[in-house]
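Enquirer: Sending over entry_11.csv (CSV, C-alpha atoms).
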chain,number,residue,atom,x,y,z
Y,901,MET,CA,5.4,-10.8,-16.5
Y,902,SER,CA,8.6,-10.0,-14.6
Y,903,ALA,CA,10.3,-8.6,-17.7
Y,904,GLU,CA,7.4,-6.1,-18.2
Y,905,ILE,CA,7.3,-4.9,-14.6
Y,906,GLN,CA,11.0,-4.1,-14.1
Y,907,ARG,CA,12.1,-0.6,-13.5
Y,908,THR,CA,15.0,0.9,-11.5
Y,909,GLU,CA,14.9,0.9,-7.7
Y,910,ASN,CA,13.1,3.7,-5.8
Y,911,TYR,CA,15.1,6.9,-5.8
Y,912,SER,CA,15.7,9.5,-3.1
Y,913,LEU,CA,14.1,12.8,-3.5
Y,914,GLY,CA,17.2,14.5,-2.2
Y,915,PHE,CA,16.7,18.0,-0.9
Y,916,LEU,CA,12.9,17.5,-1.1
Y,917,ASP,CA,13.2,15.1,1.8
Y,918,HIS,CA,14.0,18.0,4.1
Y,919,LEU,CA,10.8,19.8,3.0
Y,920,ASN,CA,8.6,16.8,3.5
Y,921,SER,CA,5.9,17.9,6.0
Y,922,ALA,CA,4.4,14.4,5.7
Y,923,ARG,CA,7.1,13.1,8.0
Y,924,ALA,CA,5.8,15.3,10.8
Y,925,GLU,CA,2.2,14.2,10.2
Y,926,ALA,CA,3.4,10.6,10.1
Y,927,GLU,CA,4.9,11.1,13.6
Y,928,ILE,CA,1.6,12.7,14.8
Y,929,THR,CA,-0.4,9.7,13.4
Y,930,LYS,CA,2.0,7.2,15.0
Y,931,ASN,CA,1.6,8.9,18.4
Y,932,PHE,CA,-2.1,9.1,18.0
Y,933,LEU,CA,-2.4,5.4,17.4
Y,934,GLU,CA,0.0,4.5,20.3
Y,935,GLU,CA,-2.0,6.6,22.7
Y,936,ARG,CA,-5.0,4.4,21.9
Y,937,GLY,CA,-3.3,1.1,22.0
Y,938,GLY,CA,-2.6,0.7,18.3
Y,939,ARG,CA,0.7,1.1,16.4
Y,940,GLY,CA,2.2,3.3,13.7
Y,941,VAL,CA,5.4,2.4,11.9
Y,942,ILE,CA,7.2,4.9,9.7
Y,943,LEU,CA,8.9,3.1,6.7
Y,944,GLY,CA,10.5,6.0,4.8
Y,945,ASN,CA,11.4,9.6,4.3
Y,946,GLY,CA,8.9,10.3,1.5
Y,947,GLY,CA,11.3,8.9,-1.2
Y,948,LYS,CA,12.7,5.4,-0.5
Y,949,ALA,CA,10.6,3.2,1.8
Y,950,SER,CA,11.9,0.1,3.7
Y,951,LEU,CA,9.0,-2.2,2.9
Y,952,GLU,CA,10.7,-5.3,4.2
Y,953,LYS,CA,10.6,-3.6,7.7
Y,954,ILE,CA,6.9,-4.6,7.7
Y,955,PHE,CA,7.8,-8.3,8.1
Y,956,GLN,CA,10.3,-7.5,10.9
Y,957,THR,CA,7.7,-5.5,12.9
Y,958,SER,CA,4.5,-7.4,12.6
Y,959,LEU,CA,3.0,-10.9,12.8
Y,960,LEU,CA,3.2,-11.1,9.0
Y,961,GLY,CA,6.9,-12.0,9.3
Y,962,LEU,CA,6.0,-15.2,11.2
Y,963,ARG,CA,3.7,-16.3,8.4
Y,964,LEU,CA,6.3,-16.4,5.6
Y,965,LYS,CA,7.7,-19.7,4.3
Y,966,ASN,CA,11.1,-18.4,5.3
Y,967,LYS,CA,10.1,-16.8,8.5
Y,968,GLU,CA,11.5,-13.3,9.3
Y,969,GLU,CA,13.0,-12.6,12.8
Y,970,VAL,CA,10.2,-10.4,14.2
Y,971,ASN,CA,11.1,-7.8,16.8
Y,972,GLN,CA,8.6,-8.8,19.5
Y,973,ALA,CA,9.5,-5.7,21.6
Y,974,VAL,CA,7.8,-3.4,19.1
Y,975,LEU,CA,4.5,-5.4,19.0
Y,976,ASN,CA,1.8,-4.2,21.3
Y,977,SER,CA,0.6,-6.6,24.0
Y,978,TYR,CA,-2.4,-7.7,22.0
Y,979,GLU,CA,-0.1,-8.7,19.1
Y,980,ARG,CA,2.3,-10.5,21.3
Y,981,ASN,CA,-0.6,-12.6,22.7
Y,982,LEU,CA,-1.5,-13.5,19.2
Y,983,ALA,CA,2.0,-14.5,18.1
Y,984,LYS,CA,1.6,-18.2,19.0
Y,985,GLN,CA,-2.1,-18.4,17.9
Y,986,ASP,CA,-3.6,-19.0,14.5
Y,987,ALA,CA,-4.5,-15.3,14.2
Y,988,ARG,CA,-6.4,-14.0,11.2
Y,989,LEU,CA,-4.6,-11.1,9.5
Y,990,LEU,CA,-6.1,-8.6,7.1
Y,991,THR,CA,-3.7,-6.4,5.0
Y,992,ILE,CA,-4.7,-3.3,3.1
Y,993,VAL,CA,-2.2,-1.9,0.6
Y,994,ASP,CA,-2.4,1.6,-0.9
Y,995,TRP,CA,-1.3,0.5,-4.4
Y,996,ASP,CA,-0.6,4.0,-5.9
Y,997,GLY,CA,1.5,5.2,-3.0
Y,998,VAL,CA,3.3,2.0,-2.1
Y,999,MET,CA,3.8,0.1,-5.3
Y,1000,GLY,CA,5.3,3.0,-7.2
Y,1001,SER,CA,4.0,6.6,-6.8
Y,1002,PRO,CA,2.7,8.3,-10.0
Y,1003,LEU,CA,3.7,11.7,-8.5
Y,1004,HIS,CA,7.3,10.5,-7.9
Y,1005,THR,CA,7.4,9.1,-11.4
Y,1006,VAL,CA,6.6,12.5,-12.8
Y,1007,LEU,CA,9.2,14.2,-10.6
Y,1008,ARG,CA,11.8,11.7,-11.6
Y,1009,PHE,CA,11.0,12.2,-15.3
Y,1010,ILE,CA,11.4,16.0,-14.8
Y,1011,GLN,CA,14.7,15.6,-13.0
Y,1012,GLU,CA,16.2,13.4,-15.8
Y,1013,PRO,CA,16.3,15.5,-19.0
Y,1014,SER,CA,18.0,12.7,-20.9
Y,1015,SER,CA,14.7,10.8,-20.6
Y,1016,TRP,CA,12.5,13.6,-22.1
Y,1017,GLY,CA,13.1,12.4,-25.7
Y,1018,GLY,CA,11.3,9.1,-24.8
Y,1019,GLY,CA,8.2,11.0,-23.8
Y,1020,PHE,CA,5.2,9.1,-22.4
Y,1021,LYS,CA,6.8,5.7,-23.2
Y,1022,GLU,CA,9.8,6.6,-21.0
Y,1023,MET,CA,7.6,7.8,-18.2
Y,1024,LYS,CA,5.6,4.6,-18.3
Y,1025,LYS,CA,8.9,2.6,-18.0
Y,1026,MET,CA,9.9,4.7,-15.0
Y,1027,GLY,CA,6.4,4.0,-13.4
Y,1028,GLN,CA,6.5,0.3,-13.7
Y,1029,VAL,CA,6.5,-1.8,-10.5
Y,1030,ASN,CA,10.0,-2.9,-9.9
Y,1031,LEU,CA,11.0,-6.5,-9.0
Y,1032,ARG,CA,11.8,-5.7,-5.4
Y,1033,GLU,CA,8.3,-4.2,-4.9
Y,1034,TRP,CA,6.7,-7.1,-6.8
Y,1035,ARG,CA,8.4,-9.7,-4.6
Y,1036,TRP,CA,7.4,-7.8,-1.5
Y,1037,PHE,CA,3.8,-7.7,-2.6
Y,1038,LYS,CA,3.7,-11.4,-3.2
Y,1039,LYS,CA,5.2,-12.0,0.2
Y,1040,MET,CA,2.5,-9.8,1.7
Y,1041,ALA,CA,-0.2,-11.8,0.0
Y,1042,GLN,CA,1.4,-15.1,1.1
Y,1043,ALA,CA,1.5,-13.9,4.8
Y,1044,SER,CA,-2.0,-12.4,5.0
Y,1045,ASP,CA,-5.3,-14.2,5.3
Y,1046,TYR,CA,-6.7,-11.6,3.0
Y,1047,LEU,CA,-5.2,-8.7,1.2
Y,1048,VAL,CA,-7.0,-5.7,-0.3
Y,1049,VAL,CA,-5.4,-3.6,-3.0
Y,1050,TRP,CA,-6.9,-0.1,-2.4
Y,1051,SER,CA,-6.4,2.3,-5.3
Y,1052,SER,CA,-7.7,5.7,-6.5
Y,1053,ARG,CA,-7.6,4.4,-10.1
Y,1054,LEU,CA,-10.6,4.1,-12.4
Y,1055,LEU,CA,-11.8,0.6,-13.2
Y,1056,VAL,CA,-12.0,0.2,-17.0
Y,1057,ASN,CA,-13.9,-2.7,-18.6
Y,1058,GLU,CA,-13.5,-3.7,-22.2
Y,1059,GLY,CA,-16.8,-2.2,-23.1
Y,1060,SER,CA,-16.3,1.0,-21.1
Y,1061,PRO,CA,-16.4,4.4,-22.8
Y,1062,LEU,CA,-13.0,5.0,-21.2
Y,1063,SER,CA,-11.4,1.9,-22.7
Y,1064,PHE,CA,-10.1,3.8,-25.8
Y,1065,ILE,CA,-8.5,6.5,-23.6
Y,1066,ALA,CA,-7.0,3.8,-21.2
Y,1067,LYS,CA,-5.5,1.7,-24.0
Y,1068,PRO,CA,-2.1,3.6,-24.0
Y,1069,PHE,CA,-1.9,2.8,-20.2
Y,1070,GLU,CA,-2.1,-0.9,-20.7
Y,1071,GLY,CA,0.7,-3.1,-19.3
Y,1072,ALA,CA,1.4,-6.2,-17.2
Y,1073,ILE,CA,-0.3,-4.2,-14.5
Y,1074,SER,CA,-2.0,-1.1,-16.1
Y,1075,TYR,CA,-0.6,2.3,-15.3
Y,1076,TRP,CA,-2.2,5.1,-13.2
Y,1077,PRO,CA,-4.9,6.4,-13.5
Y,1078,PHE,CA,-6.5,3.1,-14.7
Y,1079,PHE,CA,-7.0,-0.5,-13.7
Y,1080,ASP,CA,-8.3,-2.9,-16.3
Y,1081,ASN,CA,-9.8,-6.3,-15.6
Y,1082,ARG,CA,-6.8,-8.1,-16.9
Y,1083,SER,CA,-4.6,-6.4,-14.3
Y,1084,LEU,CA,-7.1,-7.3,-11.5
Y,1085,ARG,CA,-7.1,-10.9,-12.6
Y,1086,ARG,CA,-3.3,-11.0,-12.5
Y,1087,LEU,CA,-3.3,-9.6,-9.0
Y,1088,ALA,CA,-5.9,-12.1,-7.8
Y,1089,LEU,CA,-4.0,-15.0,-9.2
Y,1090,ILE,CA,-1.0,-14.3,-6.9
Y,1091,GLU,CA,-2.9,-15.9,-4.1
Y,1092,PRO,CA,-6.3,-17.1,-5.4
Y,1093,ASN,CA,-9.2,-16.3,-3.0
Y,1094,LYS,CA,-7.0,-14.1,-0.9
Y,1095,VAL,CA,-6.4,-10.9,-3.0
Y,1096,SER,CA,-9.0,-8.4,-4.1
Y,1097,ALA,CA,-8.8,-4.9,-5.5
Y,1098,TRP,CA,-10.9,-1.9,-4.5
Y,1099,PRO,CA,-10.5,0.8,-7.1
Y,1100,LYS,CA,-11.9,4.3,-7.2
Y,1101,LYS,CA,-10.5,5.1,-3.7
Y,1102,PRO,CA,-12.1,8.5,-2.8
Y,1103,LEU,CA,-10.0,11.6,-2.2
Y,1104,LEU,CA,-12.5,12.6,0.5
Y,1105,GLY,CA,-14.5,10.3,2.8
Y,1106,ARG,CA,-11.8,7.6,3.1
Y,1107,GLN,CA,-12.7,6.8,6.6
Y,1108,ALA,CA,-16.1,5.6,5.5
Y,1109,ALA,CA,-14.5,3.7,2.6
Y,1110,LEU,CA,-12.0,2.1,5.0
Y,1111,GLU,CA,-14.9,1.0,7.3
Y,1112,LYS,CA,-16.6,-0.5,4.3
Y,1113,ILE,CA,-13.5,-2.5,3.3
Y,1114,ILE,CA,-13.0,-3.8,6.8
Y,1115,GLY,CA,-16.7,-4.4,7.4
Y,1116,GLU,CA,-17.4,-6.2,4.1
Y,1117,THR,CA,-14.4,-8.5,4.6
Y,1118,ASN,CA,-16.0,-9.6,7.9
Y,1119,ILE,CA,-14.6,-7.4,10.6
Y,1120,GLU,CA,-15.3,-9.9,13.4
Y,1121,SER,CA,-12.9,-12.4,12.0
Y,1122,TRP,CA,-9.8,-10.2,11.8
Y,1123,ASP,CA,-7.5,-10.4,14.7
Y,1124,MET,CA,-5.1,-7.8,13.2
Y,1125,ILE,CA,-5.6,-5.2,10.5
Y,1126,TYR,CA,-2.4,-4.0,8.8
Y,1127,TYR,CA,-2.7,-1.0,6.6
Y,1128,VAL,CA,0.2,0.1,4.4
Y,1129,GLY,CA,-0.4,3.7,3.3
Y,1130,SER,CA,1.5,6.7,2.0
Y,1131,SER,CA,-0.3,10.0,2.1
Y,1132,HIS,CA,-2.0,12.7,4.2
Y,1133,PHE,CA,-5.4,11.2,3.1
Y,1134,ASP,CA,-4.4,7.8,4.4
Y,1135,ARG,CA,-3.3,9.2,7.7
Y,1136,GLN,CA,-6.4,11.2,8.0
Y,1137,ALA,CA,-8.6,8.2,7.3
Y,1138,VAL,CA,-6.7,6.1,9.9
Y,1139,ARG,CA,-7.0,8.7,12.6
Y,1140,ARG,CA,-10.8,9.1,11.9
Y,1141,PHE,CA,-11.4,5.4,11.7
Y,1142,VAL,CA,-9.6,4.7,15.0
Y,1143,LYS,CA,-11.3,7.7,16.7
Y,1144,LYS,CA,-14.7,6.3,15.7
Y,1145,ASN,CA,-13.8,2.7,16.5
Y,1146,PRO,CA,-11.6,2.9,19.6
Y,1147,HIS,CA,-12.2,-0.8,20.4
Y,1148,LEU,CA,-10.3,-1.8,17.3
Y,1149,ALA,CA,-7.2,0.3,18.0
Y,1150,PRO,CA,-5.2,-2.6,19.5
Y,1151,ARG,CA,-5.8,-4.6,16.3
Y,1152,PHE,CA,-4.7,-1.7,14.0
Y,1153,VAL,CA,-1.2,-1.1,12.7
Y,1154,PHE,CA,-0.5,1.6,10.1
Y,1155,PHE,CA,2.7,1.4,8.1
Y,1156,ASP,CA,3.6,4.8,6.6
Y,1157,THR,CA,5.9,5.6,3.6
Y,1158,SER,CA,5.6,9.3,4.5
Y,1159,HIS,CA,4.5,10.6,1.1
Y,1160,LEU,CA,3.0,14.1,1.1
Y,1161,ILE,CA,0.3,13.4,-1.6
Y,1162,LEU,CA,0.9,10.0,-3.4
Just dump the structure as structure tokens.
Expert:
Amino acid sequence: MSAEIQRTENYSLGFLDHLNSARAEAEITKNFLEERGGRGVILGNGGKASLEKIFQTSLLGLRLKNKEEVNQAVLNSYERNLAKQDARLLTIVDWDGVMGSPLHTVLRFIQEPSSWGGGFKEMKKMGQVNLREWRWFKKMAQASDYLVVWSSRLLVNEGSPLSFIAKPFEGAISYWPFFDNRSLRRLALIEPNKVSAWPKKPLLGRQAALEKIIGETNIESWDMIYYVGSSHFDRQAVRRFVKKNPHLAPRFVFFDTSHLIL
């Protein structure tokens, strides 16, 4: 599988970074959470994100086979009390904004005229999950008690009317905007019984969808909820969720790659 999922490392968007209003919203969301006892951690500038920082600033780092040195000073008091306990950790990962962004793939393709001759095939290559991201994801699955892959993609079954349209998007992990069952099985096999995918992530109403994910994975059993997101819609869902469920704020940490849309 590794050969199929290689692509070059995340790239910087250059001057677009300076126009990234998402960074300001990320700061607002971070402050919103901290005022209520939760935490927000900004991982990037909208282009390149430091995903490894998650392990250095959460209890997840203590759960790895090769333990990370966790900066205890950045944890909230609730997390620090859990550090020496057998805490149960739920992780939610926004696949399309964290594990390679489709919007960034298109922007990169446009900015590299030498790739235009390759057409869709070259764009697919650019959009593949790179090995650094893939290793990070496997470490997240290892460190979590349960990991949810949350995605806006459409789920395509073999007998689905969309299967013909989705065929060109097949890969080791299928490409946006589709997820096929084979891809979901591959994700689940990373850590059997610990990884599940929730496709068809709504553009609107994400707070309710987030509540459903946390609730249906047994909300009472999670000592910490780590959400790795990327866009305005993720930040909005987080703020609305915590506002409606203030008692869960100390258990909630939002890691933000500071993307504007995806």
Enquirer: Point out the residue among Y:Ala1097, Y:Ala1043, Y:Val1153, Y:Val1056 with the least atom-to-atom distance to Lys967 (chain Y), counting all atoms listed in the file.
Expert: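 Of all the options, Y:Ala1043 lies closest to Lys967 (chain Y).
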Enquirer: Axis-aligned box over every listed atom of region 984-991 of chain Y, padded by 5 Å per side: centre and edges in Å to one decimal, as JSON?
Expert:
{"center_x": -2.4, "center_y": -12.7, "center_z": 12.0, "size_x": 18.0, "size_y": 22.6, "size_z": 24.0}
Enquirer: Applying 12 Å and all atoms listed in the file, which residues near Val1048 (chain Y) remain after dropping the ones on its own chain fewer than 3 positions away? List them as a PyMOL selection string.
Expert: chain Y and resi 989-995+1037+1040-1041+1044-1045+1051+1084+1087-1088+1091+1093-1099+1101+1110+1112-1114+1116-1117+1125-1128
Enquirer: List every protein, DNA or RNA residue with an atom no more than 8 Å from (7.9, -11.4, 16.9) in the file's coordinates, counting all atoms listed in the file, and format the result as a ChimeraX atom specification.
Expert: /Y:956-959,961-962,969-973,975,980,983
Enquirer: For Leu933 (chain Y), which residue among Y:Asn976, Y:Ile1073, Y:Asn1081, Y:Ala1108 is the nearest when counting only C-alpha atoms?
Expert: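 Among the listed residues, the smallest separation from Leu933 (chain Y) belongs to Y:Asn976.
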Enquirer: Separation of CA of Glu935 (chain Y) and CA of Asp986 (chain Y), in Å?
Expert: 26.9 Å
Enquirer: Counting all atoms listed in the file, figure out which residue out of Y:Lys1144, Y:Asp1156, Y:Trp1036, Y:His1132 gets nearest to Glu1111 (chain Y).
Expert: Y:Lys1144
Enquirer: Kindly indicate which residue among Y:Val998, Y:Leu960, Y:Ala949, Y:Val974 lies nearest to Gly1129 (chain Y), using only C-alpha atoms for the distances.
Expert: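 Result for the nearest residue to Gly1129 (chain Y): Y:Val998.
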Enquirer: Expressed in Å to a single decimal, how great is the separation between CA of Ala987 (chain Y) and CA of Ala1149 (chain Y)?
Expert: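 According to the coordinates, CA of Ala987 (chain Y) and CA of Ala1149 (chain Y) are separated by 16.3 Å.
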Enquirer: Rank Y:Thr1157, Y:Gln1042, Y:Ser1121, Y:Gln1107 by their smallest atom-to-atom distance to Ala1137 (chain Y), using only C-alpha atoms, and report the top residue only.
Expert: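 Answer, going by the shortest atom-to-atom distance: Y:Gln1107.
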Enquirer: Could you jot down the CA of Arg939 (chain Y) to CA of Phe1141 (chain Y) separation for me, Å, one decimal place?
Expert: 13.7 Å
Enquirer: Restricting the calculation to only C-alpha atoms, which member of Y:Met1124, Y:Leu943, Y:Arg1139, Y:Asp1134 is positioned closest to Glu979 (chain Y)?
Expert: Y:Met1124
Enquirer: Applying 9 Å and only C-alpha atoms, which residues near Val1142 (chain Y) remain after dropping the ones on its own chain fewer than 4 positions away? List them as JSON, numbers by chain.
Expert: {"Y": [933, 936, 938, 1137, 1138, 1146, 1147, 1148, 1149, 1152]}
